[in-house]
Each structure stands twice: as structure tokens, then as C-alpha cells.
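K.L.:
One file: start.txt (compact mmCIF, C-alpha atoms and all ligand atoms).
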```txt
# COMPACT_ATOMS: atom_id res chain seq x y z
CA MET A 115 7.81 -8.60 16.01
CA ASN A 116 4.84 -8.70 13.67
CA ILE A 117 5.00 -5.20 12.23
CA ARG A 118 7.69 -3.69 10.03
CA ILE A 119 8.11 -0.28 8.39
CA GLY A 120 10.04 0.67 5.28
CA ASN A 121 10.82 3.83 3.38
CA GLY A 122 11.70 4.43 -0.24
CA TYR A 123 12.93 7.29 -2.39
CA ASP A 124 13.40 7.67 -6.13
CA ILE A 125 14.05 10.38 -8.69
CA HIS A 126 14.01 10.29 -12.49
CA ARG A 127 15.03 12.86 -15.06
CA LEU A 128 12.39 14.66 -17.15
CA VAL A 129 12.92 14.58 -20.91
CA GLY A 130 10.93 15.61 -23.95
CA ASP A 131 10.24 12.33 -25.70
CA ARG A 132 8.82 10.07 -23.01
CA PRO A 133 5.37 9.50 -21.49
CA LEU A 134 4.81 10.65 -17.90
CA ILE A 135 3.65 7.66 -15.85
CA LEU A 136 3.04 8.04 -12.12
CA GLY A 137 1.34 5.39 -10.00
CA GLY A 138 0.56 3.49 -13.20
CA VAL A 139 -1.34 6.44 -14.67
CA ASN A 140 -0.31 7.98 -17.98
CA ILE A 141 -0.52 11.74 -17.33
CA PRO A 142 -0.73 14.19 -20.23
CA HIS A 143 2.36 16.44 -20.13
CA SER A 144 4.98 17.84 -22.51
CA LEU A 145 7.74 16.00 -20.60
CA GLY A 146 8.11 12.42 -19.35
CA LEU A 147 10.47 10.48 -17.10
CA LEU A 148 13.61 8.86 -18.44
CA GLY A 149 14.50 5.36 -17.25
CA HIS A 150 15.13 1.77 -18.23
CA SER A 151 11.59 0.76 -17.25
CA ASP A 152 8.60 3.10 -17.64
CA ALA A 153 10.38 5.25 -14.97
CA ASP A 154 7.31 5.39 -12.71
CA VAL A 155 9.09 7.11 -9.86
CA LEU A 156 6.16 6.79 -7.41
CA THR A 157 5.76 3.05 -7.91
CA HIS A 158 9.53 2.60 -7.60
CA ALA A 159 9.60 4.44 -4.24
CA ILE A 160 6.74 2.26 -2.97
CA MET A 161 8.50 -0.95 -4.07
CA ASP A 162 11.72 0.11 -2.33
CA ALA A 163 9.75 0.85 0.85
CA MET A 164 8.17 -2.63 0.73
CA LEU A 165 11.56 -4.29 0.21
CA GLY A 166 13.22 -2.08 2.81
CA ALA A 167 10.67 -3.08 5.46
CA LEU A 168 11.94 -6.67 5.21
CA SER A 169 15.61 -5.82 4.56
CA LEU A 170 15.28 -7.42 1.13
CA GLY A 171 17.48 -4.91 -0.69
CA ASP A 172 16.21 -2.59 -3.40
CA ILE A 173 14.52 -2.80 -6.78
CA GLY A 174 17.83 -2.42 -8.61
CA HIS A 175 18.76 -5.85 -7.22
CA TYR A 176 15.59 -7.55 -8.54
CA PHE A 177 15.15 -5.59 -11.78
CA PRO A 178 18.65 -4.43 -12.78
CA PRO A 179 18.70 -1.54 -15.28
CA THR A 180 21.35 -3.49 -17.21
CA ASP A 181 18.91 -6.35 -17.88
CA PRO A 182 17.15 -5.97 -21.26
CA GLN A 183 14.24 -7.98 -19.82
CA TRP A 184 13.12 -4.87 -17.91
CA ALA A 185 13.46 -2.38 -20.78
CA GLY A 186 10.24 -0.38 -20.92
CA ALA A 187 8.76 -2.55 -18.15
CA ASP A 188 5.37 -1.62 -16.70
CA SER A 189 6.24 -0.77 -13.11
CA LEU A 190 2.86 -2.08 -11.93
CA VAL A 191 3.99 -5.54 -13.10
CA LEU A 192 7.19 -5.10 -11.07
CA LEU A 193 5.09 -3.96 -8.10
CA ASN A 194 3.03 -7.12 -8.37
CA SER A 195 6.25 -9.21 -8.19
CA VAL A 196 7.47 -7.34 -5.12
CA HIS A 197 4.05 -7.78 -3.50
CA GLN A 198 4.22 -11.51 -4.17
CA LEU A 199 7.69 -11.61 -2.62
CA ILE A 200 6.50 -10.10 0.67
CA ARG A 201 3.32 -12.23 0.69
CA ASP A 202 5.43 -15.36 0.18
CA GLN A 203 7.14 -14.46 3.45
CA GLY A 204 3.78 -14.12 5.20
CA TRP A 205 3.57 -10.31 5.27
CA GLN A 206 0.68 -8.05 4.34
CA ILE A 207 0.54 -4.31 3.78
CA GLY A 208 -1.17 -2.20 6.44
CA ASN A 209 -0.89 1.06 4.54
CA VAL A 210 1.25 3.03 2.15
CA ASP A 211 1.89 6.76 2.33
CA SER A 212 3.76 8.70 -0.31
CA VAL A 213 4.69 12.10 -1.66
CA VAL A 214 5.38 12.99 -5.29
CA VAL A 215 7.45 16.14 -5.78
CA ALA A 216 6.87 17.79 -9.16
CA GLU A 217 6.66 21.42 -10.29
CA ARG A 218 4.31 20.50 -13.13
CA PRO A 219 1.82 19.24 -14.16
CA LYS A 220 -0.84 19.52 -11.48
CA LEU A 221 -1.23 15.96 -10.18
CA LYS A 222 -4.31 16.40 -8.04
CA PRO A 223 -6.77 15.45 -10.81
CA HIS A 224 -4.94 12.12 -11.28
CA ILE A 225 -4.41 11.03 -7.68
CA LYS A 226 -7.67 9.10 -7.31
CA LEU A 227 -6.87 6.95 -10.34
CA MET A 228 -3.30 6.39 -9.09
CA ARG A 229 -4.64 5.19 -5.72
CA ASP A 230 -7.16 2.92 -7.46
CA LYS A 231 -4.46 1.40 -9.70
CA LEU A 232 -1.96 0.83 -6.88
CA ALA A 233 -4.69 -0.54 -4.59
CA GLY A 234 -5.73 -2.94 -7.34
CA VAL A 235 -2.22 -4.39 -7.69
CA LEU A 236 -1.60 -4.50 -3.93
CA GLN A 237 -5.08 -5.93 -3.16
CA LEU A 238 -5.82 -3.04 -0.80
CA GLN A 239 -8.61 -0.53 -0.41
CA PRO A 240 -7.78 2.87 -1.93
CA ASP A 241 -7.94 4.44 1.55
CA GLN A 242 -4.88 2.36 2.48
CA ILE A 243 -2.83 4.26 -0.11
CA GLY A 244 -1.89 7.85 0.62
CA ILE A 245 -0.54 9.95 -2.24
CA LYS A 246 0.27 13.60 -1.79
CA ALA A 247 1.62 15.89 -4.46
CA THR A 248 3.75 18.94 -3.77
CA THR A 249 5.99 21.26 -5.75
CA ASN A 250 9.59 21.96 -4.75
CA GLU A 251 8.87 25.71 -4.70
CA LYS A 252 11.07 26.08 -7.80
CA LEU A 253 14.12 25.06 -5.73
CA GLY A 254 16.81 22.65 -6.92
CA PRO A 255 16.65 20.18 -9.83
CA VAL A 256 13.02 19.23 -9.20
CA GLY A 257 12.14 22.92 -8.94
CA ARG A 258 13.84 23.54 -12.30
CA GLU A 259 11.71 20.73 -13.79
CA GLU A 260 14.78 18.60 -14.48
CA GLY A 261 13.16 15.66 -12.72
CA ILE A 262 10.39 14.32 -10.50
CA SER A 263 11.03 12.60 -7.18
CA ALA A 264 8.92 10.49 -4.84
CA TYR A 265 9.05 9.32 -1.25
CA ALA A 266 7.09 6.44 0.27
CA VAL A 267 6.64 4.66 3.58
CA VAL A 268 4.97 1.28 3.93
CA LEU A 269 3.75 -0.56 7.02
CA LEU A 270 3.77 -4.36 6.85
CA PHE A 271 2.17 -6.73 9.35
CA LYS A 272 1.87 -10.43 10.00
CA ASP A 273 -1.17 -12.00 11.62
MG MG B 1 13.43 4.36 -10.44
```
Go through the file and emit its structure as C-alpha cells.

P.N.:
Amino acid sequence: MNIRIGNGYDIHRLVGDRPLILGGVNIPHSLGLLGHSDADVLTHAIMDAMLGALSLGDIGHYFPPTDPQWAGADSLVLLNSVHQLIRDQGWQIGNVDSVVVAERPKLKPHIKLMRDKLAGVLQLQPDQIGIKATTNEKLGPVGREEGISAYAVVLLFKD
């Protein structure tokens, strides 16, 4: 079969002394995401979807949080590696769709730049990258602003 689909999920904790980076964009906010890398939860969900489509495991396998090499890593660099991995196996991305769940800040003003950045790394047109933002209606840990989560699906194809 020459099409595959994958899905990815990630969540990171919000803390006071970190930048908030989503889709490679540094978003002004009083809180940021805690993690070994830059904790870009959206990019992580997309990478896991790409790997999942080919049953290649998850990002923790390729970039273990115990490895000092990935401390503070730019997730767009990691995304580029994952993209190379799927290309090496002859696969291309058809499209990506994703949801970021965050109570605050308002993400809408930043979504175009996120799509442009992700499209740049993945060598796609921005209209092949869907990013939606929603709140969690103040419910649960995301609703209490303890974290931000993201979901992604990716379609891969082979000519
Ligand atoms: Mg993560």
C-alpha cells in the first residue's frame, strides 16, 4: 500500500521560567513549557505522527530525554531529522493536521507563522499543514493552565 497514516499526542507542563515555543514560534507569555528539549509540544506530536505512520516508534526512542545531546534542542532540528528518516524510506508527506489545546495565550495570531515554519522544515506548502487552537474549557490540567497538549495526524504517500 502506498499511503500510510499516523497520529501523535504530547503534553508538557507549564512553568514560570521557560519560553513558550509552539510550532517553532516563540510566543510571548508569562509561562513556558518544561522539557528536556525546547518542549515544543506541537512539533513533538507531529514527529510522533510521522514515525507512527511507518511504525518507527516514537521520538523518545530517537531523542531520549536522558541524553544530554538533546538538552534544550530546537525541535525543528529534530523534526528535520525525522523528515529525513521517512524520506530515506521513500515516503513523502501528503498533509499534516493538528490541534493545540491551551487555555492561554490566544494562539490564533501566531498560527500563520507556525504553519510557515513547519512547512519550511517539511518542504511543504503551508496549506498542507493544518493547525487549530482550542481551549479545554477550563477543564482538567490543561484547563487549569498546568500544561499544553497537542494532537496531530499525518498522511504519508509513496509515488
Ligand atoms: Mg514532548

K.L.:
Could you check which of A:Ile243, A:Leu253, A:Ile135, A:Met161 is closest to Gln198 of chain A, using only C-alpha atoms?

P.N.:
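For Gln198 of chain A, the nearest of the candidates is A:Met161.
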
K.L.:
Residues up to 10 Å from ligand MG 1 (chain B), counting all atoms listed in the file: could you list those as an NGL selection string?

P.N.:
:A and (123-127 or 147-159 or 161-162 or 173-174 or 179 or 189 or 263-264)

K.L.:
Using all atoms listed in the file, pick whichever of A:Ile141, A:Ile200, A:Leu236, A:Val215 has the shortest atom-to-atom distance to Ala266 of chain A.

P.N.:
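Result for the nearest residue to Ala266 of chain A: A:Val215.
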
K.L.:
Let me know the centre plus edge lengths, in Å and rounded to one decimal, of a box with edges along x, y and z that contains all listed atoms of segment 214-228 of chain A and is padded by 6 Å on every side, as JSON.

P.N.:
```
{"center_x": -0.1, "center_y": 13.9, "center_z": -9.7, "size_x": 27.1, "size_y": 27.0, "size_z": 20.9}
```

K.L.:
Given the choices A:Pro223, A:Gly120, A:Pro255, A:Asp211, which gets closest to Pro240 of chain A if the distance is worked out from only C-alpha atoms?

P.N.:
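Of A:Pro223, A:Gly120, A:Pro255, A:Asp211, the one nearest Pro240 of chain A is A:Asp211, counting only C-alpha atoms.
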
K.L.:
Excluding same-chain residues fewer than 2 positions from Pro142 of chain A, what lies within 12 Å of it counting only C-alpha atoms, as a ChimeraX atom specification?

P.N.:
/A:132-136,139-140,144-146,218-221,223-224

K.L.:
Selection from above, C-alpha atoms, as an mmCIF file, in the frame of the given file, can you write it?

P.N.:
```cif
data_model
loop_
_atom_site.group_PDB
_atom_site.id
_atom_site.type_symbol
_atom_site.label_atom_id
_atom_site.label_comp_id
_atom_site.auth_asym_id
_atom_site.auth_seq_id
_atom_site.Cartn_x
_atom_site.Cartn_y
_atom_site.Cartn_z
ATOM 1 C CA ARG A 132 8.820 10.070 -23.010
ATOM 2 C CA PRO A 133 5.370 9.500 -21.490
ATOM 3 C CA LEU A 134 4.810 10.650 -17.900
ATOM 4 C CA ILE A 135 3.650 7.660 -15.850
ATOM 5 C CA LEU A 136 3.040 8.040 -12.120
ATOM 6 C CA VAL A 139 -1.340 6.440 -14.670
ATOM 7 C CA ASN A 140 -0.310 7.980 -17.980
ATOM 8 C CA SER A 144 4.980 17.840 -22.510
ATOM 9 C CA LEU A 145 7.740 16.000 -20.600
ATOM 10 C CA GLY A 146 8.110 12.420 -19.350
ATOM 11 C CA ARG A 218 4.310 20.500 -13.130
ATOM 12 C CA PRO A 219 1.820 19.240 -14.160
ATOM 13 C CA LYS A 220 -0.840 19.520 -11.480
ATOM 14 C CA LEU A 221 -1.230 15.960 -10.180
ATOM 15 C CA PRO A 223 -6.770 15.450 -10.810
ATOM 16 C CA HIS A 224 -4.940 12.120 -11.280
#
```

K.L.:
In Å, rounded to a single decimal, give me how far atom CA of Asn121 of chain A is from atom CA of Glu217 of chain A.

P.N.:
22.7 Å

K.L.:
Counting only C-alpha atoms, which residue out of A:Ile119, A:Val256, A:Asp202, A:Ile225 sits closest to Gly166 of chain A?

P.N.:
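Nearest candidate to Gly166 of chain A out of A:Ile119, A:Val256, A:Asp202, A:Ile225: A:Ile119.
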
K.L.:
So how far away is atom CA of Arg229 of chain A from atom CA of Ile245 of chain A, in Å?

P.N.:
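Answer for the atom CA of Ile245 of chain A to atom CA of Arg229 of chain A separation: 7.2 Å.
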
K.L.:
I'd like the interatomic distance between atom CA of Gly234 of chain A and atom CA of Ser212 of chain A, to a tenth of an Å.

P.N.:
16.6 Å

K.L.:
For each of A:Tyr176, A:Trp184, A:Phe271, A:Tyr265, take the minimum atom-to-atom distance to Asn209 of chain A, counting only C-alpha atoms, then give the residue where this is smallest.

P.N.:
A:Phe271
